[in-house]
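Structure record follows, encoded as structure tokens.
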Amino acid sequence: MKKKIASFAAVSVLALSVFTGCSSSNQTEAKEKKEEQPILIQGPMPIEAEKFAGKLKNVKEETSGSFVFYKGTVDGYPVIVAKTGKGMENTAAATAVAIEKYDPIAIINQGTSGGHDPALNVFDIVLGERTVNLGSLKTGSMADEEGIEPTAWKPMDLMASEGSAGEDPNAEKIRYYDGDEALLAAADAVKDTYKKGKVVEGTIGSADVWNNEVDRIQWFHDKYGTSVEEMEGAAAAQIAGAYDVPFLGIRVLSNNKTNGGAYNPDTAAANQGYVYEVVKEYIREME
């Protein structure tokens with residue numbers, strides 16, 4: 001009887017050891033897989049990407065089409081800086097390529113922007129609580145020589161229907177892409193490290209249009225709630241959402257037509273310095 005009990009106990013201990021070993025192995029594999037997924041930082045132009053790329057350790061440069069990817073580490077964690085090129089099409093393509101190729105754990109789209117809010121000044125930074133496509137619009141029905149009425153144009157949600165968005169009344173609404181809560185939390189946590197201006201949460205507008213008409217800027221600010229405008233973020237947010245990758249836009253005001261804020265190219269480097277602190281905080285929170 002004692003021998004049977006001893007044998008049963010030995011088998012139980014062995015089984016527990018095997019289970020514990022498997023559990024530990026699975027946890028290690030899961031951790032390693034998570035650590036293999038890089039954080040992707042996007043910048044449209046060299047002035048908006050290369051300063052951050054210069055902060056990476058052990059950098060290797062890769063290209064895909066016209067897109068450049070700087071692969072390195074921050075505090076030992078893999079980070080990739082993507083120079084996407086300007087505009088919505090470039091950014092959408094670069095985002096899809098990066099997701100398929102590198103499987104990022106999160107995406108931050110950052111760079112310069114023009115102000116829509118008179119309360120914001122050059123060097124202030126907007127965290128994209130939400131991002132919106134300002135170029136997806138449906139015009140009114142006007143006959144020949146009846147003119148144009150841009151302020152009567154309606155938003156068109158291209159994600160609302162698989163049919164013709166122009167004929168779907170449900171598509172006549174504004175589509176916002178929400179910023180990821182964990183990325184926003186990391187950005188909020190390091191606000192005090194930025195000394196060149198305010199850091200606020202707001203709405204980032206994107207389109208392949210450069211708006212210099214103050215009345216039109218004010219129209220977007222009133223209708224869409226935009227804080228700033230640029231030419232990339234909504235495209236990246238849309239593709240990130242399609243792949244279920246956490247996304248956040250972070251944009252610095254390089255100028256503001258609504259209050260006379262003149263363009264300053266030094267804002268691009270200032271923003272990358274702040275985003276670098278955000279990335280380090282996000283890494284700390286993951287660990």
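Chain identifiers are assigned as A, B, and so on, following the order in which chains appear in the structure tokens; residues are numbered from 1 within each chain, and ligands are numbered from 1 in order of appearance.
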
For this session: Name the residues in contact with Lys60 (chain A) at a cut-off of 12 Å, using only C-alpha atoms, excluding same-chain residues fewer than 4 positions from it; report them as a VMD selection string.
Result: chain A and resid 53 to 54 56 68 to 73 78 to 81

Restricting it to N, CA and C atoms, dump the selection as a tab-separated table (two decimals), in the first residue's frame.
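So out-v2.tsv came out as:
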```
chain	number	residue	atom	x	y	z
A	53	ALA	N	15.01	58.68	-35.93
A	53	ALA	CA	15.83	57.55	-36.37
A	53	ALA	C	17.24	57.65	-35.81
A	54	GLY	N	17.74	58.87	-35.66
A	54	GLY	CA	19.08	59.07	-35.11
A	54	GLY	C	19.20	58.71	-33.65
A	56	LEU	N	17.85	55.92	-32.40
A	56	LEU	CA	17.80	54.46	-32.28
A	56	LEU	C	19.20	53.88	-32.10
A	68	VAL	N	11.12	54.09	-46.56
A	68	VAL	CA	12.36	53.77	-45.86
A	68	VAL	C	12.02	53.42	-44.41
A	69	PHE	N	12.59	52.32	-43.93
A	69	PHE	CA	12.35	51.87	-42.56
A	69	PHE	C	13.69	51.77	-41.83
A	70	TYR	N	13.80	52.49	-40.73
A	70	TYR	CA	14.99	52.44	-39.88
A	70	TYR	C	14.68	51.53	-38.69
A	71	LYS	N	15.32	50.36	-38.67
A	71	LYS	CA	15.07	49.37	-37.62
A	71	LYS	C	16.15	49.48	-36.55
A	72	GLY	N	15.73	49.62	-35.29
A	72	GLY	CA	16.68	49.72	-34.20
A	72	GLY	C	16.00	49.42	-32.88
A	73	THR	N	16.57	49.95	-31.81
A	73	THR	CA	16.00	49.72	-30.48
A	73	THR	C	15.97	51.01	-29.68
A	78	PRO	N	12.60	46.73	-29.63
A	78	PRO	CA	12.62	47.04	-31.07
A	78	PRO	C	11.66	48.17	-31.45
A	79	VAL	N	12.19	49.13	-32.17
A	79	VAL	CA	11.43	50.28	-32.66
A	79	VAL	C	11.82	50.50	-34.12
A	80	ILE	N	10.82	50.78	-34.95
A	80	ILE	CA	11.06	51.06	-36.37
A	80	ILE	C	10.54	52.45	-36.69
A	81	VAL	N	11.37	53.25	-37.33
A	81	VAL	CA	10.94	54.56	-37.82
A	81	VAL	C	10.71	54.45	-39.32
```

Exercise. Quick one: residues within 9 Å of Thr112 (chain A), only C-alpha atoms counted, chain neighbours fewer than 3 positions away excluded, as a list in words?
Worked result: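 Returned residues: Glu48, Glu229, Glu230, Ile250, Arg251, Val252, Leu253, Ser254, Asn255, Pro265, Thr267, Ala268 and Asn271 of chain A.
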
For this session: Would you please work out which residue, of A:Ala171, A:Ala269, A:Ile39, A:Ile239, is nearest to Lys51 (chain A) when using only C-alpha atoms?
Result: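 Closest to Lys51 (chain A), using only C-alpha atoms: A:Ala269.
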
For this session: Would you please work out which residue, of A:Phe247, A:Tyr77, A:Tyr263, A:Tyr274, is nearest to Ile107 (chain A) when using only C-alpha atoms?
Result: A:Phe247

Exercise. Per DSSP on the backbone, what are the strand (DSSP E) residues of region 21-107 of chain A, as a ChimeraX atom specification?
Worked result: /A:39-43,57-64,67-74,77-83,106-107

For this session: Give the answer as one residue: which of A:Met231, A:Leu40, A:Pro104, A:Glu277 has the shortest atom-to-atom distance to Ala189 (chain A), using only C-alpha atoms?
Result: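 Distance minimum relative to Ala189 (chain A) lands on A:Glu277.
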
Exercise. Out of A:Ile99, A:Val132, A:Val214, A:Val122, which residue has the shortest atom-to-atom distance to Gln238 (chain A) when counting only C-alpha atoms?
Worked result: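 Using only C-alpha atoms, the shortest distance to Gln238 (chain A) belongs to A:Val132.
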
Problem set entry | For CA of Asp157 (chain A) and CA of Leu137 (chain A), the interatomic separation in Å (one decimal) |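 Here the two named atoms are 8.4 Å from each other.
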
Exercise. Of the candidates A:Ile217, A:Ile204, A:Val126, A:Met142, which shows the shortest atom-to-atom distance to Ala237 (chain A), using only C-alpha atoms?
Worked result: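 Among A:Ile217, A:Ile204, A:Val126, A:Met142, it is A:Ile204 that comes nearest to Ala237 (chain A).
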
For this session: Would you mind telling me which residue in A:Val199, A:His221, A:Thr226, A:Glu89 lies nearest to Asp124 (chain A) when using only C-alpha atoms?
Result: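 Result for the nearest residue to Asp124 (chain A): A:Val199.
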
Exercise. Which neighbours of Gly205 (chain A) fall inside 9 Å, counting only C-alpha atoms, when residues of the same chain fewer than 4 positions from it are skipped, and could you give them as JSON, numbers by chain?
Worked result: {"A": [130, 131, 132, 133, 134, 220, 224, 225, 226, 227, 228, 229, 230, 231, 232, 233, 234]}

Restrict the selected residues to all heavy atoms and save them as a CSV table (one decimal), in the first residue's frame.
```
chain,number,residue,atom,x,y,z
A,130,ARG,N,-8.7,61.7,-31.3
A,130,ARG,CA,-9.4,61.2,-32.5
A,130,ARG,C,-8.8,61.8,-33.7
A,130,ARG,O,-8.2,62.9,-33.6
A,130,ARG,CB,-10.9,61.4,-32.4
A,130,ARG,CG,-11.3,62.8,-32.3
A,130,ARG,CD,-12.8,62.9,-32.1
A,130,ARG,NE,-13.2,64.4,-32.1
A,130,ARG,CZ,-14.5,64.8,-32.1
A,130,ARG,NH1,-15.5,63.9,-32.1
A,130,ARG,NH2,-14.8,66.1,-32.2
A,131,THR,N,-8.9,61.1,-34.8
A,131,THR,CA,-8.4,61.6,-36.1
A,131,THR,C,-9.5,61.4,-37.1
A,131,THR,O,-10.3,60.5,-37.1
A,131,THR,CB,-7.1,60.7,-36.5
A,131,THR,OG1,-6.2,60.8,-35.5
A,131,THR,CG2,-6.5,61.3,-37.8
A,132,VAL,N,-9.5,62.4,-38.1
A,132,VAL,CA,-10.6,62.4,-39.0
A,132,VAL,C,-10.1,62.8,-40.4
A,132,VAL,O,-9.2,63.6,-40.6
A,132,VAL,CB,-11.7,63.4,-38.6
A,132,VAL,CG1,-11.2,64.8,-38.4
A,132,VAL,CG2,-12.9,63.4,-39.5
A,133,ASN,N,-10.7,62.2,-41.4
A,133,ASN,CA,-10.4,62.5,-42.8
A,133,ASN,C,-11.2,63.7,-43.3
A,133,ASN,O,-12.5,63.6,-43.4
A,133,ASN,CB,-10.7,61.3,-43.7
A,133,ASN,CG,-10.3,61.4,-45.2
A,133,ASN,OD1,-10.1,62.6,-45.6
A,133,ASN,ND2,-10.2,60.3,-45.9
A,134,LEU,N,-10.5,64.8,-43.5
A,134,LEU,CA,-11.2,66.1,-44.0
A,134,LEU,C,-11.4,66.1,-45.5
A,134,LEU,O,-12.1,67.1,-46.0
A,134,LEU,CB,-10.4,67.3,-43.5
A,134,LEU,CG,-10.2,67.4,-42.0
A,134,LEU,CD1,-9.3,68.7,-41.8
A,134,LEU,CD2,-11.5,67.5,-41.3
A,220,PHE,N,-13.9,73.9,-40.7
A,220,PHE,CA,-13.5,72.6,-40.2
A,220,PHE,C,-13.5,72.5,-38.7
A,220,PHE,O,-13.9,71.6,-38.1
A,220,PHE,CB,-12.2,72.2,-40.8
A,220,PHE,CG,-12.3,71.6,-42.2
A,220,PHE,CD1,-11.6,72.2,-43.3
A,220,PHE,CD2,-13.1,70.5,-42.5
A,220,PHE,CE1,-11.7,71.7,-44.6
A,220,PHE,CE2,-13.2,70.0,-43.8
A,220,PHE,CZ,-12.5,70.6,-44.8
A,224,TYR,N,-16.0,69.9,-37.5
A,224,TYR,CA,-15.4,68.6,-37.2
A,224,TYR,C,-14.7,68.7,-35.9
A,224,TYR,O,-14.2,67.6,-35.4
A,224,TYR,CB,-14.3,68.3,-38.3
A,224,TYR,CG,-14.9,67.9,-39.6
A,224,TYR,CD1,-15.5,68.8,-40.5
A,224,TYR,CD2,-14.9,66.6,-40.0
A,224,TYR,CE1,-16.0,68.5,-41.7
A,224,TYR,CE2,-15.4,66.2,-41.3
A,224,TYR,CZ,-16.0,67.1,-42.1
A,224,TYR,OH,-16.5,66.7,-43.3
A,225,GLY,N,-14.6,69.8,-35.3
A,225,GLY,CA,-13.9,70.0,-34.0
A,225,GLY,C,-12.4,69.8,-34.1
A,225,GLY,O,-11.7,69.5,-33.1
A,226,THR,N,-11.8,70.1,-35.3
A,226,THR,CA,-10.4,69.9,-35.5
A,226,THR,C,-9.5,70.9,-34.7
A,226,THR,O,-9.8,72.1,-34.6
A,226,THR,CB,-10.0,70.1,-37.0
A,226,THR,OG1,-10.7,71.2,-37.5
A,226,THR,CG2,-10.5,68.9,-37.7
A,227,SER,N,-8.4,70.4,-34.2
A,227,SER,CA,-7.4,71.2,-33.5
A,227,SER,C,-6.3,71.6,-34.5
A,227,SER,O,-5.8,72.7,-34.4
A,227,SER,CB,-6.8,70.4,-32.3
A,227,SER,OG,-7.8,69.9,-31.5
A,228,VAL,N,-5.9,70.7,-35.4
A,228,VAL,CA,-4.9,70.9,-36.4
A,228,VAL,C,-5.2,70.1,-37.6
A,228,VAL,O,-6.1,69.3,-37.6
A,228,VAL,CB,-3.5,70.4,-35.8
A,228,VAL,CG1,-3.0,71.2,-34.7
A,228,VAL,CG2,-3.6,68.9,-35.5
A,229,GLU,N,-4.5,70.4,-38.7
A,229,GLU,CA,-4.6,69.6,-39.9
A,229,GLU,C,-3.2,69.2,-40.4
A,229,GLU,O,-2.2,69.9,-40.2
A,229,GLU,CB,-5.3,70.4,-41.0
A,229,GLU,CG,-4.5,71.6,-41.6
A,229,GLU,CD,-5.1,72.1,-42.9
A,229,GLU,OE1,-6.3,72.4,-42.9
A,229,GLU,OE2,-4.4,72.2,-43.9
A,230,GLU,N,-3.2,68.1,-41.1
A,230,GLU,CA,-2.0,67.6,-41.8
A,230,GLU,C,-2.4,66.7,-42.9
A,230,GLU,O,-3.6,66.8,-43.3
A,230,GLU,CB,-1.1,66.8,-40.7
A,230,GLU,CG,-1.9,66.0,-39.7
A,230,GLU,CD,-2.2,64.6,-40.1
A,230,GLU,OE1,-2.7,64.4,-41.2
A,230,GLU,OE2,-2.1,63.7,-39.2
A,231,MET,N,-1.6,65.9,-43.5
A,231,MET,CA,-1.9,65.2,-44.7
A,231,MET,C,-1.7,63.7,-44.7
A,231,MET,O,-1.6,63.0,-45.7
A,231,MET,CB,-1.1,65.8,-45.9
A,231,MET,CG,-1.2,67.3,-46.0
A,231,MET,SD,-0.2,68.0,-47.3
A,231,MET,CE,-1.0,67.4,-48.8
A,232,GLU,N,-1.6,63.1,-43.4
A,232,GLU,CA,-1.3,61.7,-43.3
A,232,GLU,C,-2.1,60.9,-42.3
A,232,GLU,O,-2.4,59.7,-42.5
A,232,GLU,CB,0.2,61.5,-43.0
A,232,GLU,CG,1.1,62.0,-44.1
A,232,GLU,CD,1.5,63.4,-44.0
A,232,GLU,OE1,1.3,64.0,-42.9
A,232,GLU,OE2,1.9,64.0,-45.0
A,233,GLY,N,-2.4,61.4,-41.1
A,233,GLY,CA,-2.8,60.7,-40.0
A,233,GLY,C,-4.0,59.8,-40.2
A,233,GLY,O,-4.0,58.7,-39.7
A,234,ALA,N,-5.1,60.3,-40.8
A,234,ALA,CA,-6.3,59.6,-40.9
A,234,ALA,C,-6.1,58.3,-41.8
A,234,ALA,O,-6.7,57.3,-41.6
A,234,ALA,CB,-7.4,60.4,-41.5
```

Problem set entry | Close residues, Ala96 (chain A) itself excluded, 12 Å, only C-alpha atoms, min 5 positions apart in chain, as JSON, numbers by chain | {"A": [40, 64, 67, 82, 84, 89, 90, 91, 101, 102, 103, 104, 107, 235, 236, 237, 238, 239, 240, 241, 242, 243, 244, 245]}

Exercise. Quick one, how far is CA of Ile105 (chain A) from CA of Gly179 (chain A)?
Worked result: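 Going from CA of Ile105 (chain A) over to CA of Gly179 (chain A), I get 14.3 Å.
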